[in-house]
file protein.txt (compact mmCIF, C-alpha atoms)
# COMPACT_ATOMS: atom_id res chain seq x y z
CA MET A 265 -29.43 -33.61 -61.32
CA LYS A 266 -31.58 -30.77 -60.07
CA LYS A 267 -33.05 -31.35 -56.68
CA LYS A 268 -36.59 -31.88 -57.89
CA LEU A 269 -36.73 -35.65 -57.80
CA LEU A 270 -39.61 -35.87 -55.32
CA ALA A 271 -41.71 -33.44 -57.30
CA ALA A 272 -41.07 -35.41 -60.45
CA PHE A 273 -42.14 -38.62 -58.75
CA LEU A 274 -45.36 -37.13 -57.43
CA CYS A 275 -46.21 -35.62 -60.78
CA VAL A 276 -45.64 -38.83 -62.69
CA ALA A 277 -47.53 -40.91 -60.14
CA MET A 278 -50.59 -38.63 -60.45
CA THR A 279 -50.75 -38.86 -64.23
CA ALA A 280 -49.85 -42.38 -65.24
CA THR A 281 -46.91 -44.34 -63.85
CA LEU A 282 -43.42 -43.78 -62.60
CA PHE A 283 -40.43 -43.76 -64.99
CA ALA A 284 -42.28 -42.21 -67.94
CA GLY A 285 -44.23 -45.26 -68.97
CA CYS A 286 -42.82 -47.78 -66.47
CA GLY A 287 -44.69 -50.12 -64.19
CA GLY A 288 -43.51 -51.51 -60.81
CA SER A 289 -41.52 -54.71 -59.99
CA ASP A 290 -41.13 -57.48 -57.43
CA ASN A 291 -39.68 -60.97 -57.85
CA ALA A 292 -37.16 -63.69 -56.93
CA ALA A 293 -33.55 -63.19 -55.98
CA ASP A 294 -32.59 -60.76 -53.24
CA ASN A 295 -33.00 -57.10 -52.38
CA ASN A 296 -29.60 -56.06 -51.09
CA THR A 297 -28.58 -53.10 -49.00
CA THR A 298 -25.02 -51.84 -48.75
CA ASP A 299 -23.79 -48.40 -47.77
CA ASP A 300 -20.47 -47.95 -49.54
CA ALA A 301 -20.77 -45.26 -52.16
CA ALA A 302 -18.69 -45.50 -55.34
CA ASP A 303 -16.51 -42.63 -56.45
CA THR A 304 -15.69 -42.30 -60.13
CA GLY A 305 -13.54 -39.24 -59.74
CA ALA A 306 -16.20 -37.19 -61.53
CA ALA A 307 -17.36 -34.94 -58.69
CA ASP A 308 -20.28 -33.50 -60.59
CA VAL A 309 -21.78 -36.93 -61.26
CA ALA A 310 -21.24 -38.03 -57.67
CA ASP A 311 -22.91 -34.88 -56.36
CA ASP A 312 -25.85 -35.35 -58.70
CA VAL A 313 -26.48 -38.89 -57.49
CA ALA A 314 -26.02 -37.83 -53.87
CA ASP A 315 -28.54 -35.03 -54.38
CA ALA A 316 -30.98 -37.54 -55.82
CA ALA A 317 -30.48 -39.78 -52.81
CA ASP A 318 -31.08 -36.87 -50.43
CA ASP A 319 -34.33 -35.98 -52.16
CA ALA A 320 -35.40 -39.61 -52.27
CA ALA A 321 -34.91 -39.95 -48.53
CA GLY A 322 -37.49 -37.27 -47.95
CA GLY A 323 -40.18 -38.74 -50.17
CA ASP A 324 -42.12 -41.89 -50.97
CA MET A 325 -40.25 -43.90 -53.59
CA SER A 326 -42.12 -47.16 -53.01
CA ASP A 327 -43.53 -47.03 -56.54
CA ALA A 328 -40.03 -47.34 -58.00
CA ASN A 329 -39.33 -51.01 -58.66
CA ILE A 330 -36.17 -51.92 -60.54
CA ALA A 331 -35.10 -55.34 -61.78
CA VAL A 332 -31.32 -55.86 -62.09
CA PHE A 333 -30.14 -58.93 -64.00
CA TYR A 334 -26.56 -60.24 -63.69
CA TYR A 335 -25.23 -62.81 -66.11
CA THR A 336 -23.75 -64.64 -63.11
CA TYR A 337 -23.00 -63.85 -59.49
CA GLY A 338 -19.88 -66.01 -59.84
CA ASP A 339 -17.87 -63.48 -61.87
CA THR A 340 -15.57 -61.57 -59.51
CA TYR A 341 -15.71 -58.32 -61.47
CA ILE A 342 -19.49 -58.50 -61.83
CA ALA A 343 -19.74 -59.08 -58.09
CA SER A 344 -17.89 -55.81 -57.52
CA VAL A 345 -20.26 -53.97 -59.86
CA ARG A 346 -23.19 -55.49 -58.02
CA THR A 347 -21.90 -54.34 -54.64
CA ALA A 348 -21.34 -50.80 -55.89
CA LEU A 349 -24.67 -50.60 -57.73
CA ASP A 350 -26.62 -51.94 -54.75
CA ALA A 351 -25.06 -49.17 -52.66
CA LYS A 352 -26.09 -46.48 -55.15
CA LEU A 353 -29.65 -47.79 -55.48
CA ASP A 354 -29.92 -47.91 -51.70
CA GLU A 355 -28.83 -44.27 -51.56
CA MET A 356 -31.52 -43.37 -54.07
CA GLY A 357 -34.15 -45.05 -51.92
CA VAL A 358 -35.59 -47.18 -54.69
CA THR A 359 -36.92 -50.72 -54.43
CA TYR A 360 -34.91 -53.16 -56.51
CA GLN A 361 -34.40 -56.88 -57.06
CA ASP A 362 -31.12 -58.55 -58.09
CA TYR A 363 -31.31 -61.65 -60.28
CA ASP A 364 -28.62 -64.27 -60.90
CA SER A 365 -29.04 -65.62 -64.45
CA ASN A 366 -26.35 -68.23 -63.77
CA SER A 367 -24.81 -67.92 -67.26
CA ASN A 368 -28.04 -69.03 -68.93
CA GLN A 369 -29.79 -66.74 -71.41
CA THR A 370 -33.04 -68.71 -71.23
CA THR A 371 -33.07 -68.26 -67.46
CA GLN A 372 -32.48 -64.53 -67.85
CA ASN A 373 -35.27 -64.20 -70.41
CA GLU A 374 -37.68 -65.98 -68.07
CA GLN A 375 -36.61 -63.75 -65.17
CA ILE A 376 -37.25 -60.66 -67.30
CA ASP A 377 -40.69 -61.92 -68.31
CA THR A 378 -41.62 -62.53 -64.69
CA ALA A 379 -40.27 -59.16 -63.56
CA ILE A 380 -42.28 -57.32 -66.20
CA GLN A 381 -45.42 -59.33 -65.45
CA THR A 382 -45.15 -58.43 -61.78
CA GLY A 383 -44.70 -54.74 -62.54
CA ALA A 384 -41.02 -53.88 -63.13
CA ASN A 385 -40.65 -50.26 -64.24
CA LEU A 386 -36.96 -50.35 -65.19
CA LEU A 387 -34.74 -53.18 -66.40
CA ILE A 388 -30.97 -53.08 -65.80
CA VAL A 389 -29.43 -55.95 -67.74
CA ASN A 390 -26.01 -57.59 -67.77
CA ILE A 391 -26.86 -59.84 -70.71
CA VAL A 392 -25.72 -63.46 -70.73
CA THR A 393 -25.12 -63.92 -74.45
CA SER A 394 -22.66 -61.12 -75.12
CA GLY A 395 -22.68 -59.57 -78.58
CA SER A 396 -25.84 -61.38 -79.67
CA VAL A 397 -28.28 -59.11 -81.49
CA ASP A 398 -30.98 -61.77 -81.28
CA ALA A 399 -30.71 -62.04 -77.48
CA SER A 400 -30.48 -58.31 -76.82
CA GLN A 401 -33.24 -57.40 -79.29
CA GLN A 402 -35.60 -59.81 -77.54
CA ILE A 403 -35.01 -57.98 -74.28
CA VAL A 404 -35.48 -54.56 -75.88
CA ASP A 405 -38.69 -55.74 -77.50
CA LYS A 406 -39.98 -56.93 -74.11
CA ALA A 407 -39.16 -53.56 -72.54
CA SER A 408 -40.66 -51.65 -75.46
CA ALA A 409 -43.89 -53.64 -75.33
CA ALA A 410 -44.18 -52.80 -71.64
CA GLY A 411 -43.22 -49.15 -72.24
CA ILE A 412 -40.35 -49.27 -69.74
CA PRO A 413 -36.66 -48.30 -70.05
CA VAL A 414 -33.84 -50.81 -70.26
CA ILE A 415 -30.20 -50.10 -69.37
CA PHE A 416 -27.70 -52.71 -70.55
CA PHE A 417 -24.27 -52.81 -68.94
CA ASN A 418 -20.84 -54.44 -69.17
CA ARG A 419 -21.51 -57.15 -71.77
CA ALA A 420 -21.92 -56.05 -75.38
CA VAL A 421 -25.38 -56.20 -76.92
CA GLU A 422 -24.08 -55.88 -80.51
CA ASP A 423 -20.92 -56.57 -82.46
CA ASP A 424 -19.05 -54.23 -84.78
CA ASP A 425 -21.12 -55.22 -87.81
CA THR A 426 -24.45 -54.57 -86.07
CA GLU A 427 -23.45 -51.60 -83.90
CA GLY A 428 -26.45 -49.38 -83.16
CA GLN A 429 -29.01 -51.84 -84.50
CA VAL A 430 -30.42 -52.81 -81.10
CA LEU A 431 -29.61 -49.66 -79.14
CA GLY A 432 -31.11 -47.54 -81.91
CA SER A 433 -34.37 -49.46 -81.97
CA TYR A 434 -35.83 -48.02 -78.77
CA ASP A 435 -35.66 -44.50 -77.34
CA LYS A 436 -35.77 -45.69 -73.71
CA CYS A 437 -32.65 -47.78 -74.05
CA ALA A 438 -28.95 -47.21 -73.18
CA PHE A 439 -25.71 -49.11 -72.71
CA VAL A 440 -22.98 -48.59 -70.10
CA GLY A 441 -19.81 -50.52 -70.74
CA THR A 442 -16.32 -50.25 -72.08
CA ASP A 443 -14.66 -49.73 -75.44
CA ALA A 444 -13.72 -53.39 -75.97
CA PRO A 445 -10.40 -52.90 -77.82
CA GLU A 446 -9.11 -50.41 -75.23
CA ALA A 447 -8.26 -53.06 -72.61
CA GLY A 448 -6.41 -55.18 -75.14
CA HIS A 449 -4.40 -52.22 -76.39
CA MET A 450 -3.47 -51.17 -72.85
CA GLN A 451 -2.60 -54.71 -71.82
CA GLY A 452 -0.50 -55.28 -74.93
CA LYS A 453 1.47 -52.09 -74.38
CA MET A 454 2.02 -52.98 -70.72
CA ILE A 455 3.25 -56.46 -71.64
CA GLY A 456 5.54 -55.21 -74.41
CA GLU A 457 7.16 -52.59 -72.20
CA TYR A 458 7.70 -55.09 -69.37
CA LEU A 459 9.32 -57.60 -71.73
CA VAL A 460 11.64 -55.04 -73.28
CA GLU A 461 12.89 -54.13 -69.80
CA ASN A 462 13.15 -57.75 -68.58
CA PHE A 463 13.69 -59.75 -71.76
CA ASP A 464 16.69 -61.85 -70.71
CA ALA A 465 15.19 -62.71 -67.32
CA VAL A 466 11.90 -63.79 -68.92
CA ASP A 467 13.61 -65.81 -71.69
CA LEU A 468 14.22 -68.84 -69.45
CA ASN A 469 15.42 -71.22 -72.18
CA GLY A 470 17.66 -68.59 -73.75
CA ASP A 471 16.35 -69.06 -77.29
CA GLY A 472 15.92 -65.33 -77.86
CA LYS A 473 12.11 -65.54 -77.97
CA ILE A 474 9.31 -65.41 -75.43
CA GLN A 475 6.88 -68.35 -75.38
CA TYR A 476 3.42 -67.30 -74.13
CA ALA A 477 0.08 -68.82 -73.17
CA MET A 478 -3.25 -67.01 -73.69
CA MET A 479 -6.29 -67.62 -71.48
CA MET A 480 -9.45 -66.56 -73.34
CA GLY A 481 -12.62 -65.98 -71.35
CA GLN A 482 -15.37 -66.82 -73.81
CA LEU A 483 -15.72 -67.57 -77.51
CA GLY A 484 -17.76 -64.94 -79.35
CA ASN A 485 -17.50 -62.39 -76.54
CA VAL A 486 -16.55 -59.00 -77.97
CA GLU A 487 -14.29 -58.10 -75.03
CA ALA A 488 -12.56 -61.48 -75.06
CA ILE A 489 -11.93 -61.30 -78.80
CA ALA A 490 -10.42 -57.81 -78.57
CA ARG A 491 -8.26 -58.63 -75.56
CA THR A 492 -6.99 -61.83 -77.14
CA GLN A 493 -6.07 -60.03 -80.35
CA TYR A 494 -4.62 -56.76 -79.14
CA GLY A 495 -2.92 -58.13 -76.04
CA VAL A 496 -0.58 -59.98 -78.39
CA GLU A 497 -0.51 -57.59 -81.37
CA ASP A 498 0.34 -54.52 -79.33
CA ALA A 499 2.94 -56.37 -77.26
CA ASN A 500 4.56 -57.48 -80.53
CA ALA A 501 4.55 -53.90 -81.81
CA VAL A 502 6.49 -52.74 -78.74
CA LEU A 503 8.89 -55.68 -78.99
CA THR A 504 9.69 -55.26 -82.66
CA GLU A 505 10.17 -51.52 -82.28
CA ALA A 506 12.81 -52.34 -79.65
CA GLY A 507 14.49 -54.82 -81.99
CA LYS A 508 13.11 -57.90 -80.22
CA PRO A 509 11.33 -60.85 -81.88
CA GLU A 510 7.57 -61.26 -81.65
CA LEU A 511 5.91 -63.51 -79.08
CA GLU A 512 5.63 -67.21 -79.89
CA PHE A 513 2.66 -69.30 -78.71
CA PHE A 514 3.94 -72.10 -76.53
CA ASP A 515 2.05 -74.95 -78.26
CA SER A 516 2.66 -75.11 -82.00
CA SER A 517 -0.16 -77.65 -82.40
CA ASN A 518 -2.74 -75.09 -81.23
CA ALA A 519 -3.63 -73.06 -84.32
CA ASP A 520 -6.05 -70.84 -82.36
CA LYS A 521 -3.25 -69.61 -80.08
CA TYR A 522 -5.51 -69.44 -77.04
CA GLN A 523 -7.15 -71.70 -74.45
CA VAL A 524 -10.79 -70.84 -73.84
CA ASP A 525 -13.05 -71.39 -70.85
CA GLN A 526 -15.49 -73.81 -72.45
CA ASP A 527 -18.21 -72.78 -70.00
CA GLY A 528 -17.80 -69.11 -70.88
CA ASN A 529 -17.32 -68.14 -67.25
CA TRP A 530 -13.81 -66.63 -67.48
CA SER A 531 -13.06 -68.75 -64.42
CA ALA A 532 -10.01 -69.28 -62.26
CA THR A 533 -10.78 -72.99 -62.26
CA ALA A 534 -10.64 -73.30 -66.05
CA ALA A 535 -7.34 -71.40 -66.22
CA ASN A 536 -5.87 -73.39 -63.35
CA ASN A 537 -6.76 -76.67 -65.05
CA TYR A 538 -5.27 -75.53 -68.34
CA MET A 539 -2.09 -74.30 -66.71
CA ASN A 540 -1.53 -77.47 -64.69
CA THR A 541 -1.91 -79.53 -67.86
CA ASN A 542 0.39 -77.18 -69.77
CA LEU A 543 3.12 -77.38 -67.16
CA SER A 544 3.13 -81.17 -67.21
CA GLN A 545 4.54 -80.98 -70.76
CA PHE A 546 5.95 -77.47 -71.14
CA ASN A 547 8.45 -76.85 -68.35
CA GLU A 548 12.04 -75.98 -67.59
CA ASP A 549 13.16 -79.60 -67.47
CA SER A 550 11.92 -80.03 -71.05
CA LYS A 551 13.53 -76.68 -71.97
CA ASN A 552 10.23 -75.40 -73.37
CA MET A 553 8.83 -73.59 -70.32
CA ILE A 554 5.92 -71.16 -70.78
CA GLU A 555 7.55 -67.79 -70.13
CA LEU A 556 4.55 -65.44 -70.15
CA VAL A 557 0.81 -65.82 -69.50
CA ILE A 558 -1.76 -63.34 -70.83
CA CYS A 559 -5.26 -63.60 -69.34
CA ASN A 560 -8.50 -61.99 -70.50
CA ASN A 561 -9.49 -61.28 -66.90
CA ASP A 562 -8.10 -61.39 -63.37
CA GLY A 563 -10.08 -64.47 -62.40
CA MET A 564 -8.20 -66.52 -64.97
CA ALA A 565 -4.95 -64.83 -63.92
CA GLU A 566 -5.60 -65.99 -60.33
CA GLY A 567 -6.00 -69.57 -61.56
CA VAL A 568 -2.75 -69.36 -63.51
CA VAL A 569 -0.81 -67.92 -60.55
CA SER A 570 -2.13 -70.70 -58.33
CA ALA A 571 -0.89 -73.35 -60.77
CA LEU A 572 2.50 -71.66 -61.00
CA ASN A 573 2.73 -71.44 -57.20
CA ASP A 574 2.15 -75.19 -56.98
CA LYS A 575 5.20 -75.70 -59.19
CA GLY A 576 7.37 -73.30 -57.17
CA TYR A 577 7.03 -70.23 -59.40
CA ASN A 578 5.77 -66.72 -58.59
CA LEU A 579 5.97 -67.20 -54.83
CA GLY A 580 6.78 -63.53 -54.26
CA ASP A 581 9.67 -64.45 -52.00
CA GLY A 582 12.42 -62.89 -54.11
CA SER A 583 14.08 -66.22 -54.80
CA SER A 584 11.52 -68.08 -56.93
CA THR A 585 11.44 -67.65 -60.69
CA MET A 586 8.80 -65.15 -61.85
CA ILE A 587 6.64 -66.04 -64.85
CA PRO A 588 4.96 -62.74 -65.79
CA VAL A 589 1.17 -62.98 -65.61
CA PHE A 590 -1.14 -60.20 -66.80
CA GLY A 591 -4.90 -59.83 -66.42
CA VAL A 592 -7.79 -57.38 -66.81
CA ASP A 593 -10.18 -55.91 -64.20
CA ALA A 594 -7.96 -54.89 -61.25
CA THR A 595 -10.01 -56.95 -58.80
CA ASP A 596 -9.01 -56.79 -55.15
CA ALA A 597 -7.56 -60.30 -55.40
CA ALA A 598 -5.42 -59.34 -58.40
CA LYS A 599 -4.21 -56.18 -56.70
CA GLN A 600 -3.10 -58.31 -53.75
CA LEU A 601 -1.26 -60.73 -56.05
CA ILE A 602 0.53 -57.78 -57.64
CA ALA A 603 1.39 -56.34 -54.22
CA ASP A 604 2.72 -59.76 -53.18
CA GLY A 605 4.96 -59.98 -56.25
CA LYS A 606 3.06 -62.93 -57.73
CA MET A 607 1.54 -61.14 -60.73
CA VAL A 608 2.89 -58.27 -62.83
CA GLY A 609 -0.06 -56.12 -63.86
CA THR A 610 -3.67 -55.75 -64.90
CA ILE A 611 -5.98 -53.28 -66.60
CA LYS A 612 -8.52 -51.66 -64.32
CA GLN A 613 -12.14 -52.02 -65.37
CA ASP A 614 -13.84 -49.46 -63.17
CA ALA A 615 -16.66 -51.25 -61.32
CA ASP A 616 -17.46 -48.19 -59.19
CA GLY A 617 -17.52 -45.94 -62.24
CA MET A 618 -19.83 -48.31 -64.09
CA ALA A 619 -22.21 -48.52 -61.13
CA GLN A 620 -22.18 -44.75 -60.72
CA CYS A 621 -23.10 -44.23 -64.36
CA ILE A 622 -25.92 -46.79 -64.21
CA ALA A 623 -27.27 -45.03 -61.11
CA PHE A 624 -27.09 -41.69 -62.95
CA LEU A 625 -29.18 -43.07 -65.84
CA THR A 626 -31.57 -44.68 -63.37
CA GLU A 627 -32.16 -41.31 -61.70
CA ASN A 628 -32.89 -39.83 -65.14
CA CYS A 629 -35.60 -42.44 -65.65
CA ALA A 630 -36.91 -41.89 -62.14
CA SER A 631 -37.33 -38.17 -62.73
CA GLY A 632 -39.05 -38.64 -66.10
CA LYS A 633 -36.11 -37.34 -68.13
CA ASP A 634 -34.57 -38.81 -71.24
CA VAL A 635 -32.33 -41.70 -70.20
CA MET A 636 -29.23 -39.95 -71.64
CA ASP A 637 -30.00 -36.50 -70.24
CA GLY A 638 -26.98 -34.74 -68.72
CA THR A 639 -24.42 -37.33 -69.81
CA ASP A 640 -22.14 -34.93 -71.72
CA SER A 641 -19.33 -35.44 -69.20
CA TYR A 642 -19.21 -39.16 -70.03
CA ASN A 643 -17.30 -40.77 -72.89
CA ILE A 644 -20.09 -41.43 -75.40
CA SER A 645 -19.57 -43.53 -78.52
CA GLU A 646 -19.08 -41.53 -81.70
CA ASN A 647 -21.30 -44.00 -83.54
CA VAL A 648 -24.13 -44.69 -81.09
CA SER A 649 -25.51 -41.78 -79.07
CA ASN A 650 -26.88 -43.90 -76.20
CA LYS A 651 -23.72 -45.95 -75.64
CA ILE A 652 -21.44 -44.85 -72.77
CA TYR A 653 -17.86 -46.05 -72.32
CA ILE A 654 -16.25 -46.19 -68.88
CA PRO A 655 -12.47 -45.83 -69.42
CA TYR A 656 -9.93 -48.52 -68.55
CA GLN A 657 -6.70 -47.74 -66.68
CA PRO A 658 -3.38 -49.65 -66.42
CA TYR A 659 -2.61 -50.98 -62.95
CA THR A 660 0.74 -52.32 -61.71
CA GLY A 661 0.36 -51.38 -58.06
CA GLU A 662 2.55 -48.32 -58.38
call {"tool": "encode", "arguments": {"input": "protein.txt", "output": "structure tokens"}}
result
Amino acid sequence: MKKKLLAAFLCVAMTATLFAGCGGSDNAADNNTTDDAADTGAADVADDVADAADDAAGGDMSDANIAVFYYTYGDTYIASVRTALDAKLDEMGVTYQDYDSNSNQTTQNEQIDTAIQTGANLLIVNIVTSGSVDASQQIVDKASAAGIPVIFFNRAVEDDDTEGQVLGSYDKCAFVGTDAPEAGHMQGKMIGEYLVENFDAVDLNGDGKIQYAMMMGQLGNVEAIARTQYGVEDANAVLTEAGKPELEFFDSSNADKYQVDQDGNWSATAANNYMNTNLSQFNEDSKNMIELVICNNDGMAEGVVSALNDKGYNLGDGSSTMIPVFGVDATDAAKQLIADGKMVGTIKQDADGMAQCIAFLTENCASGKDVMDGTDSYNISENVSNKIYIPYQPYTGE
């Protein structure tokens, strides 16, 4: 960004409001301050945001009031995004409020109403009901009626059949997230390659097949659906190409071939409970041991590893049997499990990169520019011009 942020703020304040039609906000939750800056590896973007922060420090940004809504503070990955985004907003010198919607869309809607009524001039929304056009359109309509921008992030606001319907309905709207199938494809390839290299060691009952469990984060969630599908399909593609049989779900009575967190929280607790129950029936003594666990996120992978540890598996001591566990997110906890030899791999969902991009779009709004101005260096959807994808990366600790 050009170093004219202060001038832009003064100009906008003299004519109407800040953020090109935004108001100002104050409400509930907490205004956090952290100093750690995120680094996406894109030096130009980092410099732009740093320049904006430098300019902000020299001027009055008290009119900038931003409301940031998180679907839950309890999600480990979302907590890392929150930490990184708080740091970037602090650098920019803006006033902001963080809201915990506690996995309740009604709560989030009420928080948004209150924020707008008390003068919010930018909404940053991690929507609760992922992939729901009805839920996301309601939020866009609220922002549009108030004349303020809205930046969605992380959780999909549309599904494949309705792509662009919500994001195309308002010119002060954008989305920062991930290409949902990408994580599943990467995870599936990682799993397949690991199994080809370690097939006999993983095949504990020696039946020539690998029995797997699948921990699904949330029904109806676009990311969960893609990870559940492609994590298995792509692993099977690698296996069959190497002359190995496809994966076999451990419980033939489960036609869905997954176990879902009924609360939709992608939680370690849900996965731990499932795995403990599984192991009471499917184990080495019964010669039907679960030989692989695929998890939609690292939180669920942590729960699985804990259950396995309780049964003497995956202790990382070189002598205990290793049941390969794979996740998504590359949280600090998962990285430590991988380093300790208790988990095989994960797919990095770049929390710092997501926060950096949100901050970049926020600075656009703050300087009165189009929300997507200067985003050519980002990976933008071919189908929706205001939809930015932050790339995933495989992570095995190497």
call {"tool": "atom_distance", "arguments": {"input": "protein.txt", "atom1": "atom CA of A:Tyr538", "atom2": "atom CA of A:Val568"}}
result
8.2 Å
call {"tool": "closest_atom_pairs", "arguments": {"input": "protein.txt", "of": "stretch 570-650 of chain A", "to": "stretch 452-456 of chain A", "cutoff": "10 Å", "atoms": "only C-alpha atoms", "output": "tab-separated table"}}
result
residue	atom	partner	partner_atom	distance
A:Pro588	CA	A:Ile455	CA	8.8
A:Val589	CA	A:Ile455	CA	9.1
A:Phe590	CA	A:Ile455	CA	7.5
A:Val608	CA	A:Ile455	CA	9.0
A:Gly609	CA	A:Met454	CA	7.8
A:Thr610	CA	A:Met454	CA	8.6
A:Ile611	CA	A:Met454	CA	9.0
call {"tool": "residues_around", "arguments": {"input": "protein.txt", "residues": "stretch 458-473 of chain A", "least_positions_apart": "2", "cutoff": "9 Å", "atoms": "all atoms listed in the file", "output": "number ranges by chain"}}
result
A: 453-456, 475, 499, 502-503, 506, 508-512, 548, 551-556, 586-588, 608
call {"tool": "closest_residue", "arguments": {"input": "protein.txt", "among": "A:Gly432, A:Asp525, A:Cys559, A:Met539", "to": "A:Gly495", "atoms": "only C-alpha atoms"}}
result
A:Cys559
call {"tool": "closest_residue", "arguments": {"input": "protein.txt", "among": "A:Thr541, A:Ser408, A:Ser645, A:Asn390", "to": "A:Ala420", "atoms": "only C-alpha atoms"}}
result
A:Asn390
call {"tool": "closest_residue", "arguments": {"input": "protein.txt", "among": "A:Gly582, A:Gly357, A:Gly395, A:Pro413", "to": "A:Ala331", "atoms": "all atoms listed in the file"}}
result
A:Pro413
call {"tool": "residues_around", "arguments": {"input": "protein.txt", "residues": "A:Ser649", "least_positions_apart": "6", "cutoff": "9 Å", "atoms": "all atoms listed in the file", "output": "number ranges by chain"}}
result
A: 428, 431-432, 438, 636
call {"tool": "closest_residue", "arguments": {"input": "protein.txt", "among": "A:Asn536, A:Ser583, A:Gln545, A:Gln620", "to": "A:Met564", "atoms": "only C-alpha atoms"}}
result
A:Asn536
call {"tool": "residues_around", "arguments": {"input": "protein.txt", "residues": "stretch 332-344 of chain A", "least_positions_apart": "2", "cutoff": "8 Å", "atoms": "only C-alpha atoms", "output": "ChimeraX atom specification"}}
result
/A:330,346-348,360-368,372,387-392,529-531,563,593,595,615-616
call {"tool": "atom_distance", "arguments": {"input": "protein.txt", "atom1": "atom CA of A:Tyr656", "atom2": "atom CA of A:Ala603"}}
result
19.9 Å
call {"tool": "residues_around", "arguments": {"input": "protein.txt", "residues": "A:Ala399", "least_positions_apart": "3", "cutoff": "10 Å", "atoms": "only C-alpha atoms", "output": "PyMOL selection string"}}
result
chain A and resi 369-370+373+391-396+402-404+421-422+430
call {"tool": "residues_around", "arguments": {"input": "protein.txt", "residues": "A:Tyr434", "least_positions_apart": "6", "cutoff": "12 Å", "atoms": "only C-alpha atoms", "output": "JSON, numbers by chain"}}
result
{"A": [400, 401, 402, 403, 404, 405, 406, 407, 408, 409, 410, 411, 412, 413, 414, 415, 428, 634, 635, 650]}
call {"tool": "atom_distance", "arguments": {"input": "protein.txt", "atom1": "atom CA of A:Ser641", "atom2": "atom CA of A:Glu355"}}
result
21.9 Å
call {"tool": "closest_residue", "arguments": {"input": "protein.txt", "among": "A:Asp350, A:Asp327, A:Asp549, A:Glu374", "to": "A:Ile622", "atoms": "all atoms listed in the file"}}
result
A:Asp350
call {"tool": "closest_residue", "arguments": {"input": "protein.txt", "among": "A:Asp424, A:Asp604, A:Asp435, A:Asp515", "to": "A:Lys633", "atoms": "all atoms listed in the file"}}
result
A:Asp435
call {"tool": "build_atoms", "arguments": {"input": "protein.txt", "residues": "stretch 522-534 of chain A", "atoms": "N, CA and C atoms", "output": "PDB file, keeping the file's coordinate frame"}}
result
ATOM      1  N   TYR A 522      -4.890 -69.781 -78.317  1.00  0.00           N
ATOM      2  CA  TYR A 522      -5.510 -69.440 -77.040  1.00  0.00           C
ATOM      3  C   TYR A 522      -6.119 -70.699 -76.450  1.00  0.00           C
ATOM      4  N   GLN A 523      -6.415 -70.643 -75.141  1.00  0.00           N
ATOM      5  CA  GLN A 523      -7.150 -71.700 -74.450  1.00  0.00           C
ATOM      6  C   GLN A 523      -8.366 -71.051 -73.820  1.00  0.00           C
ATOM      7  N   VAL A 524      -9.545 -71.523 -74.184  1.00  0.00           N
ATOM      8  CA  VAL A 524     -10.790 -70.840 -73.840  1.00  0.00           C
ATOM      9  C   VAL A 524     -11.536 -71.572 -72.732  1.00  0.00           C
ATOM     10  N   ASP A 525     -12.153 -70.813 -71.850  1.00  0.00           N
ATOM     11  CA  ASP A 525     -13.050 -71.390 -70.850  1.00  0.00           C
ATOM     12  C   ASP A 525     -14.283 -71.907 -71.577  1.00  0.00           C
ATOM     13  N   GLN A 526     -14.407 -73.210 -71.675  1.00  0.00           N
ATOM     14  CA  GLN A 526     -15.490 -73.810 -72.450  1.00  0.00           C
ATOM     15  C   GLN A 526     -16.865 -73.481 -71.883  1.00  0.00           C
ATOM     16  N   ASP A 527     -16.930 -73.147 -70.605  1.00  0.00           N
ATOM     17  CA  ASP A 527     -18.210 -72.780 -70.000  1.00  0.00           C
ATOM     18  C   ASP A 527     -18.522 -71.292 -70.129  1.00  0.00           C
ATOM     19  N   GLY A 528     -17.576 -70.542 -70.682  1.00  0.00           N
ATOM     20  CA  GLY A 528     -17.800 -69.110 -70.880  1.00  0.00           C
ATOM     21  C   GLY A 528     -17.833 -68.295 -69.617  1.00  0.00           C
ATOM     22  N   ASN A 529     -17.241 -68.819 -68.539  1.00  0.00           N
ATOM     23  CA  ASN A 529     -17.320 -68.140 -67.250  1.00  0.00           C
ATOM     24  C   ASN A 529     -16.055 -67.380 -66.871  1.00  0.00           C
ATOM     25  N   TRP A 530     -15.049 -67.353 -67.735  1.00  0.00           N
ATOM     26  CA  TRP A 530     -13.810 -66.630 -67.480  1.00  0.00           C
ATOM     27  C   TRP A 530     -13.224 -67.051 -66.121  1.00  0.00           C
ATOM     28  N   SER A 531     -13.270 -68.322 -65.793  1.00  0.00           N
ATOM     29  CA  SER A 531     -13.060 -68.750 -64.420  1.00  0.00           C
ATOM     30  C   SER A 531     -11.617 -69.081 -64.073  1.00  0.00           C
ATOM     31  N   ALA A 532     -11.317 -68.896 -62.797  1.00  0.00           N
ATOM     32  CA  ALA A 532     -10.010 -69.280 -62.260  1.00  0.00           C
ATOM     33  C   ALA A 532      -9.811 -70.780 -62.378  1.00  0.00           C
ATOM     34  N   THR A 533     -10.877 -71.536 -62.187  1.00  0.00           N
ATOM     35  CA  THR A 533     -10.780 -72.990 -62.260  1.00  0.00           C
ATOM     36  C   THR A 533     -10.357 -73.461 -63.633  1.00  0.00           C
ATOM     37  N   ALA A 534     -10.990 -72.905 -64.680  1.00  0.00           N
ATOM     38  CA  ALA A 534     -10.640 -73.300 -66.050  1.00  0.00           C
ATOM     39  C   ALA A 534      -9.172 -72.984 -66.343  1.00  0.00           C
TER      40      ALA A 534
END
